[in-house]
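Raw protein_17.txt, compact mmCIF, C-alpha atoms:
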```txt
# COMPACT_ATOMS: atom_id res chain seq x y z
CA MET A 1 79.45 -75.02 -125.80
CA GLY A 2 80.73 -78.60 -126.17
CA LEU A 3 78.89 -81.67 -127.45
CA GLU A 4 78.12 -82.73 -123.87
CA GLU A 5 76.03 -79.59 -123.35
CA ALA A 6 74.17 -79.81 -126.67
CA GLY A 7 70.50 -80.75 -126.71
CA ASP A 8 69.43 -84.09 -128.18
CA LEU A 9 68.13 -82.60 -131.43
CA VAL A 10 71.19 -80.43 -131.94
CA LEU A 11 73.46 -83.38 -131.16
CA HIS A 12 71.56 -85.57 -133.63
CA ILE A 13 71.98 -82.95 -136.37
CA ILE A 14 75.71 -82.55 -135.65
CA LEU A 15 76.36 -86.30 -135.69
CA SER A 16 74.43 -86.74 -138.92
CA LYS A 17 76.68 -84.13 -140.53
CA ILE A 18 80.04 -85.50 -139.38
CA GLY A 19 79.47 -88.99 -140.82
CA PRO A 20 79.67 -92.55 -139.50
CA GLU A 21 83.44 -92.71 -138.90
CA ASN A 22 83.51 -89.56 -136.75
CA THR A 23 80.27 -90.58 -135.03
CA ALA A 24 81.94 -93.84 -133.98
CA ARG A 25 84.82 -91.82 -132.49
CA VAL A 26 82.43 -89.51 -130.63
CA ALA A 27 80.80 -92.59 -129.07
CA CYS A 28 84.05 -93.28 -127.20
CA VAL A 29 83.99 -89.96 -125.35
CA SER A 30 81.20 -90.50 -122.80
CA LYS A 31 78.16 -92.64 -121.98
CA ARG A 32 75.75 -89.93 -123.09
CA LEU A 33 77.48 -89.44 -126.42
CA LYS A 34 77.65 -93.21 -126.88
CA VAL A 35 73.87 -93.42 -126.48
CA SER A 36 73.30 -90.57 -128.94
CA ALA A 37 75.77 -92.03 -131.43
CA SER A 38 73.97 -95.38 -131.33
CA GLU A 39 70.49 -94.10 -132.18
CA ASP A 40 69.13 -96.09 -135.08
CA SER A 41 67.51 -93.02 -136.66
CA LEU A 42 71.04 -91.65 -137.06
CA TRP A 43 72.33 -94.85 -138.66
CA SER A 44 69.35 -94.96 -141.00
CA ILE A 45 70.63 -91.65 -142.40
CA PHE A 46 74.13 -93.08 -142.84
CA SER A 47 72.73 -96.24 -144.42
CA SER A 48 70.59 -94.27 -146.84
CA HIS A 49 73.42 -91.93 -147.83
CA ASP A 50 76.23 -94.50 -148.13
CA LEU A 51 74.35 -97.66 -149.10
CA ASN A 52 71.04 -96.44 -150.53
CA ILE A 53 69.05 -98.78 -148.30
CA SER A 54 65.78 -97.76 -146.67
CA THR A 55 65.37 -100.92 -144.58
CA PRO A 56 68.06 -102.57 -142.43
CA LEU A 57 69.43 -105.18 -144.81
CA GLY A 58 72.88 -106.73 -144.95
CA PRO A 59 75.03 -106.98 -148.10
CA HIS A 60 73.36 -110.24 -149.15
CA GLY A 61 69.83 -108.93 -148.62
CA ASP A 62 69.49 -110.59 -145.24
CA PRO A 63 67.52 -108.66 -142.55
CA SER A 64 69.49 -106.98 -139.76
CA PRO A 65 68.14 -106.10 -136.29
CA SER A 66 68.96 -102.40 -136.80
CA PHE A 67 70.39 -99.92 -139.29
CA LYS A 68 73.55 -99.72 -137.22
CA ALA A 69 73.97 -103.50 -137.38
CA ALA A 70 73.28 -103.45 -141.12
CA TYR A 71 75.87 -100.72 -141.68
CA GLN A 72 78.43 -102.61 -139.62
CA SER A 73 77.79 -105.82 -141.59
CA TRP A 74 78.39 -103.96 -144.85
CA ARG A 75 81.63 -102.50 -143.54
CA GLU A 76 82.77 -105.90 -142.35
CA SER A 77 81.84 -107.66 -145.58
CA PHE A 78 83.79 -105.13 -147.69
CA ARG A 79 86.61 -104.46 -145.22
CA MET A 80 89.28 -105.41 -147.79
CA TYR A 81 88.24 -102.58 -150.14
CA PRO A 82 88.49 -98.78 -149.89
CA TRP A 83 85.10 -97.72 -148.50
CA HIS A 84 84.74 -94.74 -150.86
CA LEU A 85 85.09 -97.18 -153.77
CA VAL A 86 82.49 -99.53 -152.28
CA LYS A 87 80.03 -96.63 -152.09
CA ARG A 88 80.80 -95.53 -155.64
CA VAL A 89 80.30 -99.01 -157.10
CA GLY A 90 77.11 -99.38 -155.07
CA ARG A 91 75.77 -96.12 -156.51
CA CYS A 92 76.65 -97.27 -160.01
CA TRP A 93 74.57 -100.43 -159.64
CA ASP A 94 71.77 -98.63 -157.78
CA ASN A 95 71.42 -96.14 -160.65
CA LEU A 96 71.34 -98.88 -163.26
CA LYS A 97 68.86 -101.02 -161.31
CA ARG A 98 66.59 -98.05 -160.64
CA TRP A 99 66.43 -97.21 -164.34
CA LEU A 100 65.88 -100.83 -165.34
CA ARG A 101 63.11 -101.24 -162.77
CA LEU A 102 61.20 -98.33 -164.30
CA ASN A 103 61.97 -98.87 -167.97
CA PHE A 104 63.14 -102.42 -168.60
CA PRO A 105 62.24 -104.81 -165.75
CA GLU A 106 62.83 -107.79 -168.03
CA ALA A 107 66.54 -106.94 -168.08
CA GLU A 108 66.69 -106.21 -164.34
CA ALA A 109 65.36 -109.73 -163.71
CA THR A 110 68.47 -111.16 -165.42
CA LEU A 111 70.94 -109.56 -162.98
CA ARG A 112 72.56 -112.20 -160.82
CA LYS A 113 73.26 -112.14 -157.11
CA GLY A 114 76.69 -110.75 -156.24
CA ALA A 115 79.72 -113.05 -156.15
CA THR A 116 81.50 -113.93 -152.90
CA GLU A 117 85.17 -113.38 -152.18
CA GLU A 118 85.62 -117.14 -152.51
CA ASP A 119 84.02 -117.04 -155.98
CA LEU A 120 86.38 -114.27 -157.04
CA GLU A 121 89.45 -116.07 -155.70
CA GLU A 122 88.50 -119.22 -157.60
CA PHE A 123 87.93 -117.13 -160.72
CA GLU A 124 91.32 -115.43 -160.50
CA SER A 125 93.00 -118.78 -159.93
CA ALA A 126 91.24 -120.37 -162.92
CA LEU A 127 92.31 -117.61 -165.33
CA LYS A 128 95.59 -116.71 -163.59
CA VAL A 129 94.68 -113.03 -163.38
CA LYS A 130 94.26 -110.39 -160.71
CA LEU A 131 91.11 -108.37 -161.24
CA PRO A 132 91.28 -104.56 -160.94
CA LEU A 133 89.69 -103.48 -157.66
CA PRO A 134 86.71 -101.65 -159.21
CA THR A 135 85.81 -104.62 -161.43
CA ARG A 136 86.18 -106.99 -158.49
CA LEU A 137 83.71 -104.84 -156.55
CA LEU A 138 81.33 -104.65 -159.50
CA TYR A 139 81.10 -108.46 -159.39
CA ARG A 140 80.67 -108.43 -155.61
CA PHE A 141 77.47 -106.46 -156.14
CA VAL A 142 76.21 -108.18 -159.32
CA ASP A 143 77.63 -111.31 -160.92
CA GLY A 144 76.70 -110.38 -164.48
CA GLN A 145 73.52 -111.45 -166.23
CA GLU A 146 71.69 -114.65 -166.94
CA PRO A 147 71.34 -114.71 -170.75
CA SER A 148 67.61 -115.44 -170.67
CA SER A 149 66.93 -113.64 -173.95
CA SER A 150 68.99 -112.29 -176.82
CA SER A 151 67.34 -108.88 -176.35
CA ASN A 152 67.76 -108.33 -172.59
CA GLY A 153 71.39 -107.21 -172.60
CA LEU A 154 72.19 -104.48 -170.08
CA ILE A 155 74.42 -102.67 -172.58
CA GLY A 156 72.02 -103.10 -175.49
CA GLY A 157 72.84 -102.81 -179.17
CA TYR A 158 71.59 -102.19 -182.68
CA SER A 159 70.58 -103.99 -185.85
CA VAL A 160 71.48 -103.28 -189.47
CA TYR A 161 70.08 -105.62 -192.08
CA SER A 162 71.11 -109.11 -190.83
CA HIS A 163 73.72 -107.78 -188.41
CA GLU A 164 72.20 -107.78 -184.92
CA VAL A 165 74.01 -106.94 -181.70
CA ASN A 166 72.77 -107.00 -178.12
CA VAL A 167 75.45 -106.96 -175.44
CA TYR A 168 75.05 -108.40 -171.96
CA LEU A 169 77.44 -108.67 -169.00
CA LEU A 170 78.89 -112.12 -168.53
CA PRO A 171 78.72 -113.87 -165.14
CA LEU A 172 82.03 -115.13 -163.79
CA LYS A 173 81.47 -118.70 -164.95
CA GLU A 174 80.82 -117.47 -168.49
CA VAL A 175 83.84 -115.14 -168.37
CA ILE A 176 86.03 -118.19 -167.73
CA ARG A 177 84.51 -120.20 -170.57
CA GLU A 178 84.38 -117.34 -173.07
CA THR A 179 87.91 -116.18 -172.24
CA ASN A 180 89.42 -119.64 -172.67
CA GLU A 181 87.62 -120.22 -175.96
CA THR A 182 88.02 -116.75 -177.45
CA MET A 183 91.64 -116.02 -176.60
CA SER A 184 92.65 -119.39 -178.03
CA ASP A 185 90.47 -119.34 -181.15
CA LEU A 186 90.83 -115.69 -182.16
CA PHE A 187 94.26 -114.74 -180.89
CA GLY A 188 96.10 -118.02 -180.37
CA ILE A 189 96.68 -117.15 -176.71
CA SER A 190 96.43 -119.92 -174.15
CA ASN A 191 95.46 -119.66 -170.48
CA GLY A 192 97.47 -116.97 -168.73
CA SER A 193 96.65 -113.87 -170.80
CA ASN A 194 95.84 -110.69 -168.90
CA TYR A 195 92.75 -110.20 -171.09
CA ILE A 196 89.37 -111.55 -170.04
CA VAL A 197 86.05 -111.38 -171.92
CA VAL A 198 83.57 -109.50 -169.69
CA ALA A 199 80.72 -108.70 -172.09
CA ALA A 200 79.44 -110.22 -175.32
CA SER A 201 76.58 -110.03 -177.78
CA ALA A 202 73.87 -112.59 -177.13
CA THR A 203 73.10 -112.72 -180.85
CA ALA A 204 74.84 -114.52 -183.71
CA SER A 205 76.82 -111.38 -184.62
CA LEU A 206 80.15 -111.52 -182.80
CA LYS A 207 80.93 -108.57 -180.55
CA LEU A 208 83.15 -108.95 -177.49
CA PHE A 209 84.59 -106.69 -174.80
CA PHE A 210 87.95 -107.49 -173.24
CA LEU A 211 89.23 -106.21 -169.90
CA ASP A 212 92.99 -105.91 -169.51
CA CYS A 213 93.45 -106.95 -165.89
CA THR A 214 96.90 -105.36 -165.76
CA ASP A 215 96.11 -101.76 -166.69
CA GLY A 216 92.32 -101.81 -166.21
CA GLN A 217 91.41 -100.69 -169.75
CA LEU A 218 88.42 -102.14 -171.59
CA TYR A 219 88.76 -103.02 -175.26
CA THR A 220 86.62 -104.23 -178.13
CA GLY A 221 87.87 -105.84 -181.31
CA THR A 222 87.65 -104.89 -184.98
CA SER A 223 87.19 -107.23 -187.93
CA THR A 224 90.99 -107.36 -188.23
CA ARG A 225 91.47 -108.19 -184.52
CA GLN A 226 92.71 -104.75 -183.60
CA MET A 227 91.90 -103.76 -180.02
CA LEU A 228 90.16 -100.40 -179.55
CA PRO A 229 89.98 -98.80 -176.08
CA CYS A 230 86.39 -98.27 -174.94
CA VAL A 231 87.13 -95.56 -172.36
CA PRO A 232 89.47 -92.53 -172.56
CA GLU A 233 92.92 -93.71 -171.46
CA SER A 234 93.48 -90.63 -169.29
CA LEU A 235 90.63 -91.58 -166.94
CA VAL A 236 91.87 -95.07 -166.01
CA ARG A 237 94.12 -95.07 -162.96
CA SER A 238 95.21 -96.79 -159.72
CA VAL A 239 93.34 -99.98 -160.59
CA HIS A 240 95.24 -102.17 -158.10
CA ASP A 241 95.93 -99.56 -155.39
CA VAL A 242 94.18 -100.66 -152.20
CA ASP A 243 95.28 -97.62 -150.18
CA GLY A 244 94.67 -94.81 -152.68
CA ASP A 245 91.54 -92.77 -153.23
CA GLN A 246 91.57 -92.43 -157.04
CA GLN A 247 90.85 -95.99 -158.18
CA GLN A 248 88.78 -96.23 -161.34
CA ASP A 249 89.16 -98.82 -164.05
CA ALA A 250 87.50 -98.77 -167.46
CA MET A 251 84.80 -101.25 -166.46
CA LEU A 252 83.47 -98.94 -163.73
CA LEU A 253 83.77 -95.82 -165.89
CA TRP A 254 82.02 -97.64 -168.77
CA LEU A 255 79.05 -98.71 -166.66
CA GLU A 256 78.79 -95.28 -165.00
CA GLU A 257 78.72 -93.59 -168.40
CA HIS A 258 76.16 -96.11 -169.66
CA GLY A 259 73.98 -95.38 -166.63
CA ARG A 260 74.28 -91.64 -167.23
CA ARG A 261 73.15 -92.05 -170.85
CA LEU A 262 70.17 -94.14 -169.78
CA GLN A 263 69.13 -91.75 -167.00
CA THR A 264 69.41 -88.63 -169.18
CA GLY A 265 67.52 -90.18 -172.09
CA VAL A 266 70.46 -90.18 -174.51
CA ILE A 267 69.60 -93.82 -175.20
CA LYS A 268 66.31 -95.59 -174.55
CA VAL A 269 64.42 -98.85 -174.73
CA ARG A 270 63.01 -99.60 -178.12
CA GLU A 271 60.17 -102.05 -178.74
CA GLU A 272 59.84 -103.76 -182.09
CA GLU A 273 57.38 -106.59 -182.77
CA LYS A 274 56.72 -106.76 -179.01
CA ILE A 275 60.41 -107.35 -178.25
CA LYS A 276 62.10 -104.76 -176.05
CA SER A 277 65.80 -103.92 -176.02
CA ILE A 278 68.11 -101.03 -175.21
CA SER A 279 68.90 -99.20 -178.44
CA LEU A 280 72.33 -97.53 -178.64
CA PHE A 281 71.20 -95.03 -181.25
CA PRO A 282 71.26 -91.61 -179.51
CA GLU A 283 67.92 -89.85 -179.02
CA VAL A 284 68.97 -86.30 -178.10
CA SER A 285 70.97 -83.43 -179.61
CA PRO A 286 73.75 -83.01 -180.61
CA LEU A 287 74.16 -86.73 -181.34
CA CYS A 288 70.64 -86.95 -182.79
CA SER A 289 69.44 -84.41 -185.36
CA VAL A 290 65.80 -83.34 -185.66
CA ALA A 291 64.08 -81.50 -188.49
CA VAL A 292 60.39 -80.82 -189.20
CA THR A 293 59.31 -79.88 -192.70
CA ASN A 294 55.64 -79.36 -193.62
CA GLY A 295 54.63 -81.49 -190.66
CA VAL A 296 57.04 -84.36 -191.39
CA GLN A 297 59.56 -84.95 -188.59
CA VAL A 298 62.83 -86.75 -189.26
CA ARG A 299 65.23 -87.78 -186.50
CA ALA A 300 68.64 -89.25 -187.32
CA SER A 301 71.60 -90.58 -185.35
CA SER A 302 74.43 -93.08 -185.67
CA VAL A 303 76.49 -95.59 -183.70
CA PHE A 304 80.02 -96.82 -184.38
CA ILE A 305 80.29 -100.51 -185.33
CA PRO A 306 83.80 -101.61 -184.33
CA GLU A 307 83.28 -105.31 -184.99
CA VAL A 308 83.01 -104.82 -188.77
CA SER A 309 85.49 -101.94 -189.08
CA ASN A 310 88.92 -102.42 -190.64
CA LEU A 311 91.37 -99.84 -189.33
CA ARG A 312 94.43 -101.51 -190.85
CA GLY A 313 93.30 -100.99 -194.42
CA GLN A 314 94.52 -98.28 -196.78
CA PRO A 315 92.37 -96.31 -196.41
CA PRO A 316 90.87 -97.59 -193.16
CA ALA A 317 87.15 -98.37 -193.00
CA TYR A 318 85.27 -96.97 -190.00
CA TRP A 319 81.77 -98.44 -190.14
CA TYR A 320 78.72 -96.74 -188.68
CA ALA A 321 75.12 -97.80 -188.42
CA TYR A 322 72.59 -95.01 -188.67
CA SER A 323 68.95 -94.90 -187.68
CA ILE A 324 66.35 -92.73 -189.41
CA ARG A 325 63.01 -92.15 -187.65
CA MET A 326 60.26 -90.34 -189.53
CA SER A 327 56.71 -89.44 -188.52
CA LEU A 328 53.88 -86.99 -189.07
CA VAL A 329 53.03 -84.42 -186.43
CA PRO A 330 49.49 -84.87 -184.97
CA GLU A 331 48.04 -82.20 -187.26
CA GLY A 332 49.30 -84.11 -190.32
CA CYS A 333 51.13 -82.86 -193.37
CA PHE A 334 50.68 -79.14 -194.16
CA LEU A 335 51.28 -78.09 -197.75
CA ASN A 336 50.14 -75.04 -199.72
CA GLY A 337 47.62 -74.09 -197.05
CA ARG A 338 46.06 -77.56 -196.87
CA HIS A 339 46.31 -80.32 -194.27
CA HIS A 340 46.78 -83.94 -195.31
CA SER A 341 46.43 -86.88 -192.95
CA SER A 342 49.10 -88.90 -194.78
CA CYS A 343 52.09 -88.64 -197.07
CA GLN A 344 54.39 -91.19 -198.65
CA LEU A 345 58.13 -91.27 -199.27
CA TYR A 346 59.28 -91.59 -202.87
CA TRP A 347 62.95 -90.55 -203.12
CA ARG A 348 66.04 -90.05 -200.97
CA HIS A 349 68.99 -87.68 -201.37
CA TRP A 350 72.17 -87.96 -199.25
CA ILE A 351 75.29 -85.84 -198.97
CA ILE A 352 78.05 -87.75 -197.18
CA ARG A 353 81.11 -86.03 -195.74
CA ALA A 354 84.36 -87.23 -194.18
CA ASP A 355 86.33 -84.57 -192.29
CA ASP A 356 84.02 -81.91 -193.80
CA GLU A 357 84.79 -82.98 -197.39
CA VAL A 358 82.03 -84.42 -199.58
CA ILE A 359 82.94 -88.01 -200.44
CA ASP A 360 79.64 -89.20 -201.90
CA LYS A 361 76.19 -88.14 -203.01
CA VAL A 362 73.33 -90.62 -203.13
CA ASN A 363 70.06 -90.29 -205.02
CA GLY A 364 67.60 -93.10 -205.33
CA GLU A 365 64.10 -94.40 -204.86
CA ALA A 366 62.81 -95.63 -201.50
CA VAL A 367 64.73 -96.49 -198.32
CA ILE A 368 65.91 -100.09 -197.85
CA GLY A 369 63.45 -101.03 -200.59
CA LYS A 370 60.46 -99.50 -198.81
CA TYR A 371 58.16 -96.53 -199.49
CA PRO A 372 56.90 -95.69 -195.99
CA LEU A 373 53.41 -94.23 -195.77
CA LEU A 374 53.23 -91.81 -192.84
CA GLN A 375 49.89 -91.17 -191.16
CA ALA A 376 49.03 -88.66 -188.44
CA GLU A 377 49.20 -89.94 -184.84
CA GLU A 378 50.87 -93.21 -185.85
CA GLU A 379 54.23 -94.43 -184.56
CA GLU A 380 57.48 -93.48 -186.23
CA PHE A 381 58.70 -95.41 -189.23
CA VAL A 382 62.21 -96.53 -188.33
CA TYR A 383 64.89 -97.95 -190.56
CA GLU A 384 68.59 -98.60 -190.17
CA SER A 385 71.39 -98.65 -192.68
CA CYS A 386 75.17 -98.35 -192.57
CA SER A 387 78.11 -96.69 -194.24
CA SER A 388 81.90 -96.78 -194.01
CA PHE A 389 84.22 -93.79 -193.75
CA PRO A 390 87.98 -93.44 -194.32
CA THR A 391 88.29 -91.09 -191.33
CA THR A 392 87.18 -91.05 -187.69
CA SER A 393 84.78 -88.17 -188.25
CA GLY A 394 82.03 -87.68 -190.80
CA SER A 395 78.45 -86.61 -191.27
CA ILE A 396 75.35 -87.24 -193.36
CA GLU A 397 72.61 -84.84 -194.35
CA GLY A 398 70.04 -84.71 -197.09
CA SER A 399 66.35 -84.87 -197.79
CA PHE A 400 63.44 -87.14 -198.66
CA THR A 401 60.94 -86.48 -201.41
CA PHE A 402 57.35 -87.07 -200.27
CA VAL A 403 53.97 -86.84 -201.94
CA PRO A 404 50.87 -85.77 -199.96
CA GLY A 405 48.31 -88.56 -199.69
CA SER A 406 49.99 -91.62 -201.20
CA LEU A 407 51.91 -92.64 -204.31
CA ARG A 408 48.80 -94.36 -205.67
CA ASP A 409 46.52 -91.46 -204.81
CA PRO A 410 48.57 -88.24 -204.64
CA LYS A 411 46.79 -85.17 -203.25
CA GLY A 412 49.26 -82.61 -204.51
CA SER A 413 52.77 -81.95 -205.76
CA GLN A 414 55.92 -83.58 -204.40
CA PHE A 415 57.76 -81.76 -201.63
CA GLU A 416 61.16 -82.04 -199.97
CA VAL A 417 61.65 -82.97 -196.31
CA LYS A 418 64.94 -82.00 -194.72
CA VAL A 419 67.21 -84.46 -192.92
CA GLU A 420 69.35 -82.32 -190.64
CA GLU A 421 73.06 -83.15 -190.60
CA PHE A 422 73.95 -85.80 -188.03
CA PRO A 423 77.47 -86.88 -186.94
CA LEU A 424 79.27 -90.16 -187.51
CA LYS A 425 82.27 -89.97 -185.23
CA LEU A 426 84.57 -92.36 -183.38
CA PRO A 427 83.30 -91.95 -179.80
CA ASP A 428 85.24 -91.56 -176.56
CA TYR A 429 83.16 -94.39 -175.06
CA ILE A 430 82.49 -97.45 -177.21
CA PHE A 431 79.52 -99.66 -176.32
```
Could I get this file's structure written as structure tokens?
Amino acid sequence: MGLEEAGDLVLHIILSKIGPENTARVACVSKRLKVSASEDSLWSIFSSHDLNISTPLGPHGDPSPSFKAAYQSWRESFRMYPWHLVKRVGRCWDNLKRWLRLNFPEAEATLRKGATEEDLEEFESALKVKLPLPTRLLYRFVDGQEPSSSSNGLIGGYSVYSHEVNVYLLPLKEVIRETNETMSDLFGISNGSNYIVVAASATASLKLFFLDCTDGQLYTGTSTRQMLPCVPESLVRSVHDVDGDQQQDAMLLWLEEHGRRLQTGVIKVREEEKIKSISLFPEVSPLCSVAVTNGVQVRASSVFIPEVSNLRGQPPAYWYAYSIRMSLVPEGCFLNGRHHSSCQLYWRHWIIRADDEVIDKVNGEAVIGKYPLLQAEEEEFVYESCSSFPTTSGSIEGSFTFVPGSLRDPKGSQFEVKVEEFPLKLPDYIF
């Protein structure tokens, strides 16, 4: 039986399976097939699958008379790009926006409307570069962020003592300004470099991300101006190939990986003093360790800090920030058959390793000058510190000494709380 003999429902199912391109070809066969291939219910399926739209909207958010018209306007607007790449970039932004809408709407509100082809041509002319195709498409969908707050960066960050980082995506106009200023001031390179600054910290602490428009790799700088790749080199390919089907530059891979970490809960929004931001400290195993001792839970994880690292030194200094989160389980502290509603930290003990060799042991009172008092059903006590390592891989483990009750009014003997080993390792993806 041919398509001409198929019933309407069967024909609808077949067309929905063969996709929009083949459906358009089927429409040329006969009047009946043309009518079936033009049904808007069919094109709503294609629009949902390819463009993630549930109402007929064009690429600029303008209403279309039908899903078919909307789909055609998208294809026309992005006709100069490989369609599979358009869909992939669209999914990347859809995933990020969906997560932001649910978890961090303040940051979603800073995302700018996509740039036009004219905007991109002016940009390339101003900086004398040719953007990799995936990055060009990323800006077609979203032209970076409006820096409305130093905590609303899409990439997020960390804080250690007075060093605060929160990275946001630069809009094209800011890329031009930041690139011209930075490449001249930091590297002595005038207009015409293949590097452009695409992301930066909105805080006083300097952290920048540079896209190499020639090979499509994304870099960040160290304290000695050494460029570190932010994405595995082996994954970046075909960044200027219009006809291929394997185009992926570091910018797209970086944002896809960031979206994956957000969606899977590897990193989350943290709120401190009513200010929300995306924290880059991992929240799940194996990057975050968890241990519970006598009702005291301690979570620990780290993040690489490239901007203060010195990899040219002898030995090199790889700096890591680490976050320690401690809390009491709801039942409180349990010690020698008795429950206590509170306990207080007195002492810390650290064993620090580089490449599995012990390089330091630390014993001392308090943590960052504080003696946190933990109480049942209260929020975690969180503190950050940092350490440098001579190698790309290390770890920290140890324990805290607590007293049940409080230091002023102890309810029993001191006890040790384990801090499970957590890694400090140069990551494949640097954020």
For a quick check of your reading of the model, name the residues lying within 12 Å of the coordinate (67.9, -94.2, -136.2), counting all atoms listed in the file, and write them as a short mmCIF file (atom, residue, chain, number, x, y, z; two decimals) with C-alpha atoms, in the frame of the given file.
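Below is the file that was written, out_21.cif:
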```
data_model
loop_
_atom_site.label_atom_id
_atom_site.label_comp_id
_atom_site.auth_asym_id
_atom_site.auth_seq_id
_atom_site.Cartn_x
_atom_site.Cartn_y
_atom_site.Cartn_z
CA HIS A 12 71.56 -85.57 -133.63
CA ILE A 13 71.98 -82.95 -136.37
CA LEU A 15 76.36 -86.30 -135.69
CA SER A 16 74.43 -86.74 -138.92
CA VAL A 35 73.87 -93.42 -126.48
CA SER A 36 73.30 -90.57 -128.94
CA ALA A 37 75.77 -92.03 -131.43
CA SER A 38 73.97 -95.38 -131.33
CA GLU A 39 70.49 -94.10 -132.18
CA ASP A 40 69.13 -96.09 -135.08
CA SER A 41 67.51 -93.02 -136.66
CA LEU A 42 71.04 -91.65 -137.06
CA TRP A 43 72.33 -94.85 -138.66
CA SER A 44 69.35 -94.96 -141.00
CA ILE A 45 70.63 -91.65 -142.40
CA PHE A 46 74.13 -93.08 -142.84
CA SER A 47 72.73 -96.24 -144.42
CA SER A 48 70.59 -94.27 -146.84
CA SER A 54 65.78 -97.76 -146.67
CA THR A 55 65.37 -100.92 -144.58
CA PRO A 56 68.06 -102.57 -142.43
CA PRO A 65 68.14 -106.10 -136.29
CA SER A 66 68.96 -102.40 -136.80
CA PHE A 67 70.39 -99.92 -139.29
CA LYS A 68 73.55 -99.72 -137.22
CA ALA A 69 73.97 -103.50 -137.38
CA ALA A 70 73.28 -103.45 -141.12
CA TYR A 71 75.87 -100.72 -141.68
#
```
Mind checking which residues fall within 8 Å of Pro306 in chain A, counting only C-alpha atoms, ignoring those fewer than 5 positions away in the same chain, and posting them as a list in words?
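Near neighbours after the sequence-gap exclusion: Thr220, Gly221, Thr222, Ser223, Tyr318 and Trp319 of chain A.
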For CA of Asp360 in chain A and CA of His163 in chain A, the interatomic separation in Å (one decimal)
23.7 Å
Near-range 276-293 of chain A list (6 Å; only C-alpha atoms; drop same-chain fewer than 5 positions) as a list in words:
Ser151, Asn152, Gly156, Gly157, Tyr158, Val266, Ile267, Lys268, Val269, Arg270, Glu271, Val298, Arg299, Ala300, Ser301, Ser302, Val303, Val417, Glu420 and Phe422 of chain A
Close residues, Lys425 in chain A itself excluded, 8 Å, all atoms listed in the file, min 5 positions apart in chain, as a list in words:
Phe304, Thr392, Ser393, Gly394 and Ser395 of chain A
Between CA of Glu257 in chain A and CA of Leu211 in chain A, what is the distance in Å, rounded to a tenth?
16.5 Å
Record the distance separating CA of Ile14 in chain A and CA of Ser30 in chain A, expressed in Å with one decimal.
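Separation of CA of Ile14 in chain A and CA of Ser30 in chain A: 16.1 Å.
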Please determine the residues with any atom at most 6 Å from (80.2, -111.6, -158.3) (coordinates as given in the file, with all atoms listed in the file counting) and report them as a count of residues only.
6
Hey, could you patch up range 10-21 of chain A with N, CA and C atoms and hand it over as a PDB file, in the coordinates of the input?
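Wrote it out as out22.pdb, contents follow:
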```pdb
ATOM      1  N   VAL A  10      69.986 -81.056-131.403  1.00  0.00           N
ATOM      2  CA  VAL A  10      71.190 -80.430-131.940  1.00  0.00           C
ATOM      3  C   VAL A  10      72.296 -81.466-132.107  1.00  0.00           C
ATOM      4  N   LEU A  11      72.433 -82.341-131.109  1.00  0.00           N
ATOM      5  CA  LEU A  11      73.460 -83.380-131.160  1.00  0.00           C
ATOM      6  C   LEU A  11      73.199 -84.338-132.329  1.00  0.00           C
ATOM      7  N   HIS A  12      71.930 -84.673-132.529  1.00  0.00           N
ATOM      8  CA  HIS A  12      71.560 -85.570-133.630  1.00  0.00           C
ATOM      9  C   HIS A  12      71.940 -84.950-134.981  1.00  0.00           C
ATOM     10  N   ILE A  13      71.669 -83.655-135.123  1.00  0.00           N
ATOM     11  CA  ILE A  13      71.980 -82.950-136.370  1.00  0.00           C
ATOM     12  C   ILE A  13      73.488 -82.917-136.602  1.00  0.00           C
ATOM     13  N   ILE A  14      74.235 -82.620-135.531  1.00  0.00           N
ATOM     14  CA  ILE A  14      75.710 -82.550-135.650  1.00  0.00           C
ATOM     15  C   ILE A  14      76.272 -83.895-136.055  1.00  0.00           C
ATOM     16  N   LEU A  15      75.834 -84.966-135.392  1.00  0.00           N
ATOM     17  CA  LEU A  15      76.360 -86.300-135.690  1.00  0.00           C
ATOM     18  C   LEU A  15      76.010 -86.730-137.117  1.00  0.00           C
ATOM     19  N   SER A  16      74.817 -86.357-137.560  1.00  0.00           N
ATOM     20  CA  SER A  16      74.430 -86.740-138.920  1.00  0.00           C
ATOM     21  C   SER A  16      75.294 -86.051-139.965  1.00  0.00           C
ATOM     22  N   LYS A  17      75.857 -84.877-139.589  1.00  0.00           N
ATOM     23  CA  LYS A  17      76.680 -84.130-140.530  1.00  0.00           C
ATOM     24  C   LYS A  17      78.126 -84.612-140.559  1.00  0.00           C
ATOM     25  N   ILE A  18      78.614 -85.154-139.440  1.00  0.00           N
ATOM     26  CA  ILE A  18      80.040 -85.500-139.380  1.00  0.00           C
ATOM     27  C   ILE A  18      80.328 -86.902-139.914  1.00  0.00           C
ATOM     28  N   GLY A  19      79.277 -87.698-140.179  1.00  0.00           N
ATOM     29  CA  GLY A  19      79.470 -88.990-140.820  1.00  0.00           C
ATOM     30  C   GLY A  19      79.694 -90.136-139.849  1.00  0.00           C
ATOM     31  N   PRO A  20      79.605 -91.371-140.368  1.00  0.00           N
ATOM     32  CA  PRO A  20      79.670 -92.550-139.500  1.00  0.00           C
ATOM     33  C   PRO A  20      81.017 -92.762-138.812  1.00  0.00           C
ATOM     34  N   GLU A  21      82.128 -92.479-139.514  1.00  0.00           N
ATOM     35  CA  GLU A  21      83.440 -92.710-138.900  1.00  0.00           C
ATOM     36  C   GLU A  21      83.633 -91.791-137.687  1.00  0.00           C
TER      37      GLU A  21
END
```
